[in-house]
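Just upload-v2.pdb here, PDB, C-alpha atoms, pLDDT in the B column:
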ATOM      1  CA  MET Y   1     -69.561  99.522-102.430  1.00 51.00           C
ATOM      2  CA  THR Y   2     -68.142  98.748 -99.008  1.00 53.00           C
ATOM      3  CA  ASN Y   3     -66.481 101.341 -96.805  1.00 52.00           C
ATOM      4  CA  LYS Y   4     -63.549 100.057 -94.836  1.00 52.00           C
ATOM      5  CA  ILE Y   5     -62.963 101.543 -91.423  1.00 50.00           C
ATOM      6  CA  SER Y   6     -59.316 101.957 -90.676  1.00 49.00           C
ATOM      7  CA  SER Y   7     -58.170 100.854 -87.245  1.00 49.00           C
ATOM      8  CA  LYS Y   8     -54.944 102.810 -87.632  1.00 52.00           C
ATOM      9  CA  LYS Y   9     -54.713 106.009 -85.628  1.00 50.00           C
ATOM     10  CA  LYS Y  10     -53.844 109.251 -87.268  1.00 52.00           C
ATOM     11  CA  LYS Y  11     -50.430 110.605 -86.442  1.00 52.00           C
ATOM     12  CA  SER Y  12     -52.018 113.528 -84.563  1.00 51.00           C
ATOM     13  CA  GLU Y  13     -53.896 111.178 -82.182  1.00 56.00           C
ATOM     14  CA  LYS Y  14     -51.844 110.151 -79.181  1.00 59.00           C
ATOM     15  CA  GLU Y  15     -52.393 107.346 -76.727  1.00 60.00           C
ATOM     16  CA  PRO Y  16     -53.232 108.642 -73.249  1.00 57.00           C
ATOM     17  CA  SER Y  17     -50.221 108.468 -70.984  1.00 61.00           C
ATOM     18  CA  LEU Y  18     -50.401 106.229 -67.964  1.00 61.00           C
ATOM     19  CA  PRO Y  19     -49.105 107.376 -64.593  1.00 60.00           C
ATOM     20  CA  GLU Y  20     -45.554 106.287 -63.897  1.00 69.00           C
ATOM     21  CA  SER Y  21     -46.243 105.612 -60.212  1.00 68.00           C
ATOM     22  CA  SER Y  22     -49.160 105.520 -57.813  1.00 62.00           C
ATOM     23  CA  GLY Y  23     -47.961 108.886 -56.507  1.00 66.00           C
ATOM     24  CA  ASP Y  24     -49.058 110.396 -59.821  1.00 64.00           C
ATOM     25  CA  LEU Y  25     -52.661 109.569 -58.881  1.00 70.00           C
ATOM     26  CA  ILE Y  26     -52.645 111.634 -55.689  1.00 69.00           C
ATOM     27  CA  PRO Y  27     -54.668 114.852 -56.089  1.00 65.00           C
ATOM     28  CA  LYS Y  28     -52.433 117.841 -56.706  1.00 66.00           C
ATOM     29  CA  GLU Y  29     -52.669 121.295 -55.208  1.00 67.00           C
ATOM     30  CA  PRO Y  30     -55.722 123.004 -56.697  1.00 60.00           C
ATOM     31  CA  PRO Y  31     -55.059 125.637 -59.364  1.00 63.00           C
ATOM     32  CA  LYS Y  32     -55.617 129.329 -58.623  1.00 66.00           C
ATOM     33  CA  LEU Y  33     -58.985 129.157 -60.376  1.00 63.00           C
ATOM     34  CA  ALA Y  34     -60.208 126.543 -57.889  1.00 56.00           C
ATOM     35  CA  PRO Y  35     -58.469 127.358 -54.596  1.00 59.00           C
ATOM     36  CA  GLN Y  36     -60.670 125.146 -52.405  1.00 64.00           C
ATOM     37  CA  GLY Y  37     -60.101 121.782 -54.049  1.00 79.00           C
ATOM     38  CA  ILE Y  38     -62.606 118.977 -53.500  1.00 90.00           C
ATOM     39  CA  ARG Y  39     -64.252 118.409 -50.120  1.00 92.00           C
ATOM     40  CA  THR Y  40     -66.531 115.473 -49.335  1.00 94.00           C
ATOM     41  CA  PHE Y  41     -69.266 115.356 -46.708  1.00 95.00           C
ATOM     42  CA  THR Y  42     -72.243 113.426 -45.387  1.00 95.00           C
ATOM     43  CA  VAL Y  43     -75.644 114.712 -44.320  1.00 95.00           C
ATOM     44  CA  CYS Y  44     -77.248 113.091 -41.290  1.00 94.00           C
ATOM     45  CA  ARG Y  45     -80.773 113.822 -40.104  1.00 94.00           C
ATOM     46  CA  GLN Y  46     -81.605 113.179 -36.462  1.00 93.00           C
ATOM     47  CA  GLN Y  47     -85.315 113.330 -37.365  1.00 93.00           C
ATOM     48  CA  ASP Y  48     -87.288 113.235 -40.620  1.00 92.00           C
ATOM     49  CA  GLU Y  49     -90.126 115.760 -40.624  1.00 88.00           C
ATOM     50  CA  THR Y  50     -91.561 114.582 -43.955  1.00 87.00           C
ATOM     51  CA  GLY Y  51     -90.977 110.846 -43.541  1.00 86.00           C
ATOM     52  CA  VAL Y  52     -89.528 110.641 -47.057  1.00 86.00           C
ATOM     53  CA  SER Y  53     -85.771 110.170 -46.759  1.00 85.00           C
ATOM     54  CA  GLY Y  54     -85.486 108.764 -43.239  1.00 89.00           C
ATOM     55  CA  GLN Y  55     -83.110 109.328 -40.376  1.00 92.00           C
ATOM     56  CA  GLY Y  56     -79.363 108.841 -40.162  1.00 92.00           C
ATOM     57  CA  VAL Y  57     -76.928 109.423 -43.028  1.00 94.00           C
ATOM     58  CA  ILE Y  58     -79.129 110.220 -46.022  1.00 95.00           C
ATOM     59  CA  ILE Y  59     -76.710 112.002 -48.391  1.00 95.00           C
ATOM     60  CA  GLU Y  60     -73.123 111.712 -49.616  1.00 95.00           C
ATOM     61  CA  GLY Y  61     -71.882 114.987 -51.033  1.00 95.00           C
ATOM     62  CA  VAL Y  62     -69.004 116.705 -52.768  1.00 96.00           C
ATOM     63  CA  LEU Y  63     -68.065 120.376 -52.812  1.00 95.00           C
ATOM     64  CA  LEU Y  64     -66.071 121.167 -55.932  1.00 92.00           C
ATOM     65  CA  GLY Y  65     -63.340 123.776 -56.122  1.00 85.00           C
ATOM     66  CA  THR Y  66     -65.711 125.849 -58.256  1.00 87.00           C
ATOM     67  CA  GLY Y  67     -68.149 126.066 -55.332  1.00 91.00           C
ATOM     68  CA  GLN Y  68     -70.698 123.727 -56.921  1.00 95.00           C
ATOM     69  CA  CYS Y  69     -72.265 121.114 -54.663  1.00 97.00           C
ATOM     70  CA  ILE Y  70     -73.150 117.590 -55.809  1.00 98.00           C
ATOM     71  CA  VAL Y  71     -75.354 115.477 -53.558  1.00 98.00           C
ATOM     72  CA  HIS Y  72     -76.164 111.786 -53.799  1.00 96.00           C
ATOM     73  CA  TRP Y  73     -79.376 110.926 -51.975  1.00 95.00           C
ATOM     74  CA  LEU Y  74     -79.097 107.433 -50.537  1.00 93.00           C
ATOM     75  CA  PHE Y  75     -82.894 106.949 -50.709  1.00 89.00           C
ATOM     76  CA  PRO Y  76     -84.599 105.172 -52.340  1.00 87.00           C
ATOM     77  CA  PRO Y  77     -82.263 102.202 -52.348  1.00 83.00           C
ATOM     78  CA  PRO Y  78     -80.337 100.850 -54.108  1.00 84.00           C
ATOM     79  CA  ARG Y  79     -79.331 103.904 -56.177  1.00 89.00           C
ATOM     80  CA  GLY Y  80     -80.984 106.985 -54.743  1.00 93.00           C
ATOM     81  CA  GLY Y  81     -80.661 110.152 -56.788  1.00 95.00           C
ATOM     82  CA  VAL Y  82     -78.119 112.834 -57.685  1.00 97.00           C
ATOM     83  CA  ALA Y  83     -78.555 116.612 -57.722  1.00 97.00           C
ATOM     84  CA  ILE Y  84     -76.183 119.446 -58.593  1.00 98.00           C
ATOM     85  CA  PHE Y  85     -76.443 122.861 -56.925  1.00 98.00           C
ATOM     86  CA  ASP Y  86     -74.576 126.056 -57.771  1.00 97.00           C
ATOM     87  CA  SER Y  87     -73.362 126.236 -54.164  1.00 97.00           C
ATOM     88  CA  LEU Y  88     -73.654 124.586 -50.758  1.00 97.00           C
ATOM     89  CA  GLU Y  89     -75.745 127.569 -49.680  1.00 97.00           C
ATOM     90  CA  ASP Y  90     -78.288 126.775 -52.423  1.00 98.00           C
ATOM     91  CA  PHE Y  91     -78.512 123.171 -51.202  1.00 98.00           C
ATOM     92  CA  LEU Y  92     -78.951 124.347 -47.598  1.00 98.00           C
ATOM     93  CA  LYS Y  93     -81.716 126.805 -48.575  1.00 97.00           C
ATOM     94  CA  VAL Y  94     -83.774 124.017 -50.133  1.00 95.00           C
ATOM     95  CA  HIS Y  95     -83.108 120.898 -48.073  1.00 94.00           C
ATOM     96  CA  VAL Y  96     -81.777 121.916 -44.643  1.00 95.00           C
ATOM     97  CA  LEU Y  97     -82.711 125.403 -43.420  1.00 95.00           C
ATOM     98  CA  PRO Y  98     -86.492 125.061 -43.986  1.00 94.00           C
ATOM     99  CA  HIS Y  99     -86.525 121.971 -41.726  1.00 93.00           C
ATOM    100  CA  PRO Y 100     -84.863 122.895 -38.395  1.00 95.00           C
ATOM    101  CA  GLU Y 101     -86.732 120.112 -36.582  1.00 95.00           C
ATOM    102  CA  ASN Y 102     -84.683 117.551 -38.546  1.00 95.00           C
ATOM    103  CA  LYS Y 103     -81.560 118.558 -36.582  1.00 95.00           C
ATOM    104  CA  THR Y 104     -79.319 118.053 -39.618  1.00 95.00           C
ATOM    105  CA  ILE Y 105     -75.587 117.427 -39.192  1.00 95.00           C
ATOM    106  CA  ILE Y 106     -73.160 117.965 -42.068  1.00 95.00           C
ATOM    107  CA  THR Y 107     -69.814 116.249 -41.472  1.00 96.00           C
ATOM    108  CA  TYR Y 108     -66.794 116.857 -43.722  1.00 94.00           C
ATOM    109  CA  GLN Y 109     -64.007 114.338 -44.347  1.00 92.00           C
ATOM    110  CA  ASP Y 110     -61.671 116.333 -42.087  1.00 89.00           C
ATOM    111  CA  GLY Y 111     -64.082 115.908 -39.141  1.00 91.00           C
ATOM    112  CA  ASP Y 112     -65.498 119.453 -39.278  1.00 92.00           C
ATOM    113  CA  GLN Y 113     -69.215 119.370 -38.412  1.00 94.00           C
ATOM    114  CA  ARG Y 114     -72.045 121.854 -38.880  1.00 95.00           C
ATOM    115  CA  VAL Y 115     -75.281 121.366 -36.930  1.00 95.00           C
ATOM    116  CA  TYR Y 116     -78.503 122.933 -38.182  1.00 95.00           C
ATOM    117  CA  GLY Y 117     -81.709 123.210 -36.211  1.00 92.00           C
ATOM    118  CA  GLY Y 118     -80.752 122.413 -32.662  1.00 74.00           C
ATOM    119  CA  GLU Y 119     -78.574 120.273 -30.496  1.00 63.00           C
ATOM    120  CA  VAL Y 120     -77.451 116.829 -31.608  1.00 57.00           C
ATOM    121  CA  ASP Y 121     -79.241 113.981 -29.810  1.00 56.00           C
TER     122      ASP Y 121
END
Can you present the structure in this file as C-alpha coordinates?
Amino acid sequence: MTNKISSKKKKSEKEPSLPESSGDLIPKEPPKLAPQGIRTFTVCRQQDETGVSGQGVIIEGVLLGTGQCIVHWLFPPPRGGVAIFDSLEDFLKVHVLPHPENKTIITYQDGDQRVYGGEVD
(Lines of atoms letter the chains of each structure in order from A and count residues from 1; the text may use other names and numbers.)
(Lines give C-alpha, C1' and ligand atoms only; values in the text may rest on other atoms or scores of the structure.)
Protein backbone atom coordinates (compact mmCIF):
# COMPACT_ATOMS: atom_id res chain seq x y z
CA MET A 1 0.00 0.00 0.00
CA THR A 2 1.42 3.36 -1.01
CA ASN A 3 0.81 6.55 0.93
CA LYS A 4 0.42 9.62 -1.20
CA ILE A 5 1.68 12.88 0.19
CA SER A 6 -0.54 15.76 -0.71
CA SER A 7 1.19 18.89 -1.93
CA LYS A 8 -1.96 20.93 -1.32
CA LYS A 9 -1.89 23.20 1.70
CA LYS A 10 -4.59 23.07 4.27
CA LYS A 11 -6.90 26.04 4.33
CA SER A 12 -5.54 27.06 7.75
CA GLU A 13 -1.95 27.32 6.42
CA LYS A 14 -1.16 30.69 4.92
CA GLU A 15 1.69 31.73 2.68
CA PRO A 16 4.07 34.14 4.43
CA SER A 17 3.44 37.68 3.31
CA LEU A 18 6.21 39.49 1.51
CA PRO A 19 7.06 43.09 2.32
CA GLU A 20 5.36 45.59 0.05
CA SER A 21 8.40 47.88 -0.07
CA SER A 22 12.00 47.94 1.08
CA GLY A 23 10.89 50.30 3.85
CA ASP A 24 9.07 47.35 5.43
CA LEU A 25 12.47 45.73 6.05
CA ILE A 26 13.81 48.58 8.17
CA PRO A 27 13.93 47.64 11.87
CA LYS A 28 11.01 49.08 13.78
CA GLU A 29 11.00 50.73 17.17
CA PRO A 30 11.65 48.04 19.78
CA PRO A 31 8.64 46.87 21.80
CA LYS A 32 8.30 47.79 25.48
CA LEU A 33 9.62 44.35 26.44
CA ALA A 34 12.90 45.04 24.63
CA PRO A 35 13.50 48.79 24.97
CA GLN A 36 17.15 48.73 23.87
CA GLY A 37 16.80 47.18 20.43
CA ILE A 38 19.81 45.56 18.79
CA ARG A 39 23.30 47.05 19.09
CA THR A 40 26.35 45.72 17.26
CA PHE A 41 29.97 46.06 18.33
CA THR A 42 33.52 44.91 17.72
CA VAL A 43 36.17 43.89 20.24
CA CYS A 44 39.74 44.95 19.53
CA ARG A 45 42.74 43.85 21.58
CA GLN A 46 45.84 46.03 21.53
CA GLN A 47 47.82 43.10 22.97
CA ASP A 48 47.18 39.37 23.39
CA GLU A 49 48.35 38.11 26.78
CA THR A 50 47.63 34.45 25.99
CA GLY A 51 48.69 34.43 22.33
CA VAL A 52 45.51 32.56 21.37
CA SER A 53 43.21 35.00 19.58
CA GLY A 54 45.70 37.62 18.41
CA GLN A 55 45.66 41.38 18.25
CA GLY A 56 43.32 43.74 16.44
CA VAL A 57 39.61 43.13 15.89
CA ILE A 58 39.00 39.62 17.23
CA ILE A 59 35.22 39.60 17.84
CA GLU A 60 32.02 40.79 16.17
CA GLY A 61 29.19 41.06 18.66
CA VAL A 62 25.51 41.80 19.08
CA LEU A 63 23.63 43.02 22.14
CA LEU A 64 20.00 41.98 21.93
CA GLY A 65 17.11 43.98 23.33
CA THR A 66 16.76 41.27 25.98
CA GLY A 67 20.25 42.08 27.28
CA GLN A 68 21.79 38.87 25.94
CA CYS A 69 25.17 39.17 24.24
CA ILE A 70 26.21 37.09 21.22
CA VAL A 71 29.87 37.09 20.22
CA HIS A 72 31.48 35.73 17.08
CA TRP A 73 35.17 35.02 17.58
CA LEU A 74 37.02 35.65 14.33
CA PHE A 75 39.73 33.11 15.27
CA PRO A 76 40.47 30.48 14.14
CA PRO A 77 39.79 31.35 10.52
CA PRO A 78 37.76 30.92 8.44
CA ARG A 79 34.75 30.50 10.77
CA GLY A 80 35.82 31.17 14.33
CA GLY A 81 33.27 30.38 17.01
CA VAL A 82 30.05 31.74 18.50
CA ALA A 83 29.11 32.14 22.17
CA ILE A 84 25.97 33.44 23.87
CA PHE A 85 26.11 35.20 27.24
CA ASP A 86 23.22 36.28 29.46
CA SER A 87 24.60 39.83 29.43
CA LEU A 88 27.50 41.97 28.23
CA GLU A 89 28.68 42.08 31.84
CA ASP A 90 28.99 38.27 31.85
CA PHE A 91 31.09 38.41 28.67
CA LEU A 92 33.30 41.14 30.17
CA LYS A 93 33.82 39.15 33.40
CA VAL A 94 35.19 36.18 31.46
CA HIS A 95 37.03 37.60 28.46
CA VAL A 96 37.94 41.24 29.15
CA LEU A 97 38.24 42.26 32.81
CA PRO A 98 40.65 39.46 33.84
CA HIS A 99 43.11 40.60 31.14
CA PRO A 100 43.75 44.36 31.61
CA GLU A 101 47.12 44.10 29.84
CA ASN A 102 45.26 43.36 26.58
CA LYS A 103 43.99 46.96 26.50
CA THR A 104 40.65 45.90 25.00
CA ILE A 105 38.50 48.38 23.08
CA ILE A 106 34.80 47.75 22.49
CA THR A 107 33.38 49.93 19.71
CA TYR A 108 29.64 50.15 19.02
CA GLN A 109 28.10 50.90 15.61
CA ASP A 110 27.25 54.43 16.76
CA GLY A 111 30.94 55.15 17.45
CA ASP A 112 30.70 54.84 21.25
CA GLN A 113 33.89 53.23 22.59
CA ARG A 114 34.78 51.60 25.91
CA VAL A 115 38.44 51.04 26.77
CA TYR A 116 39.41 48.40 29.33
CA GLY A 117 42.82 48.02 30.89
CA GLY A 118 44.65 51.19 30.04
CA GLU A 119 45.19 53.79 27.40
CA VAL A 120 44.81 52.98 23.72
CA ASP A 121 48.13 52.75 21.86
Quick one: residues within 9 Å of segment 43-47 of chain Y, all atoms listed in the file, excluding same-chain residues fewer than 2 positions away - as a list of chain:residue names? Y:Phe41, Y:Glu49, Y:Gly51, Y:Gly54, Y:Gln55, Y:Gly56, Y:Val57, Y:Ile58, Y:Ile59, Y:Glu60, Y:Gly61, Y:Glu101, Y:Asn102, Y:Lys103, Y:Thr104, Y:Ile105, Y:Ile106, Y:Thr107, Y:Val120, Y:Asp121
Tell me which protein, DNA and RNA residues are within 10 Å of Glu89 of chain Y, counting only C-alpha atoms, leaving out same-chain ones fewer than 5 positions away, and put them as number ranges by chain. Y: 67-69, 94, 96-97
Might you spell out which residues the PyMOL selection byres ((chain Y and resi 70) around 10) would select in the displayed file, as a PyMOL selection string? chain Y and resi 40+59-64+67-69+71-73+82-88+91
Could you tell me how far atom CA of Leu92 of chain Y lies from atom CA of Leu74 of chain Y, in Å and to one decimal? 17.2 Å
Would you compute the distance between atom CA of Lys93 of chain Y and atom CA of Tyr116 of chain Y? Give it in Å to one decimal.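 If I compute the distance from atom CA of Lys93 of chain Y to atom CA of Tyr116 of chain Y, I get 11.5 Å.
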Draw an axis-aligned box over all listed atoms of segment 95-98 of chain Y, pad each side with 8 Å, and write its centre and edge lengths in Å, one decimal, as AutoDock Vina command-line options.
--center_x -84.1 --center_y 123.2 --center_z -45.7 --size_x 20.7 --size_y 20.5 --size_z 20.7
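Counting only C-alpha atoms and comparing Y:Pro100, Y:Gly37, Y:Gln109, Y:Ser53, the residue that lies closest to Pro76 of chain Y is Y:Ser53.
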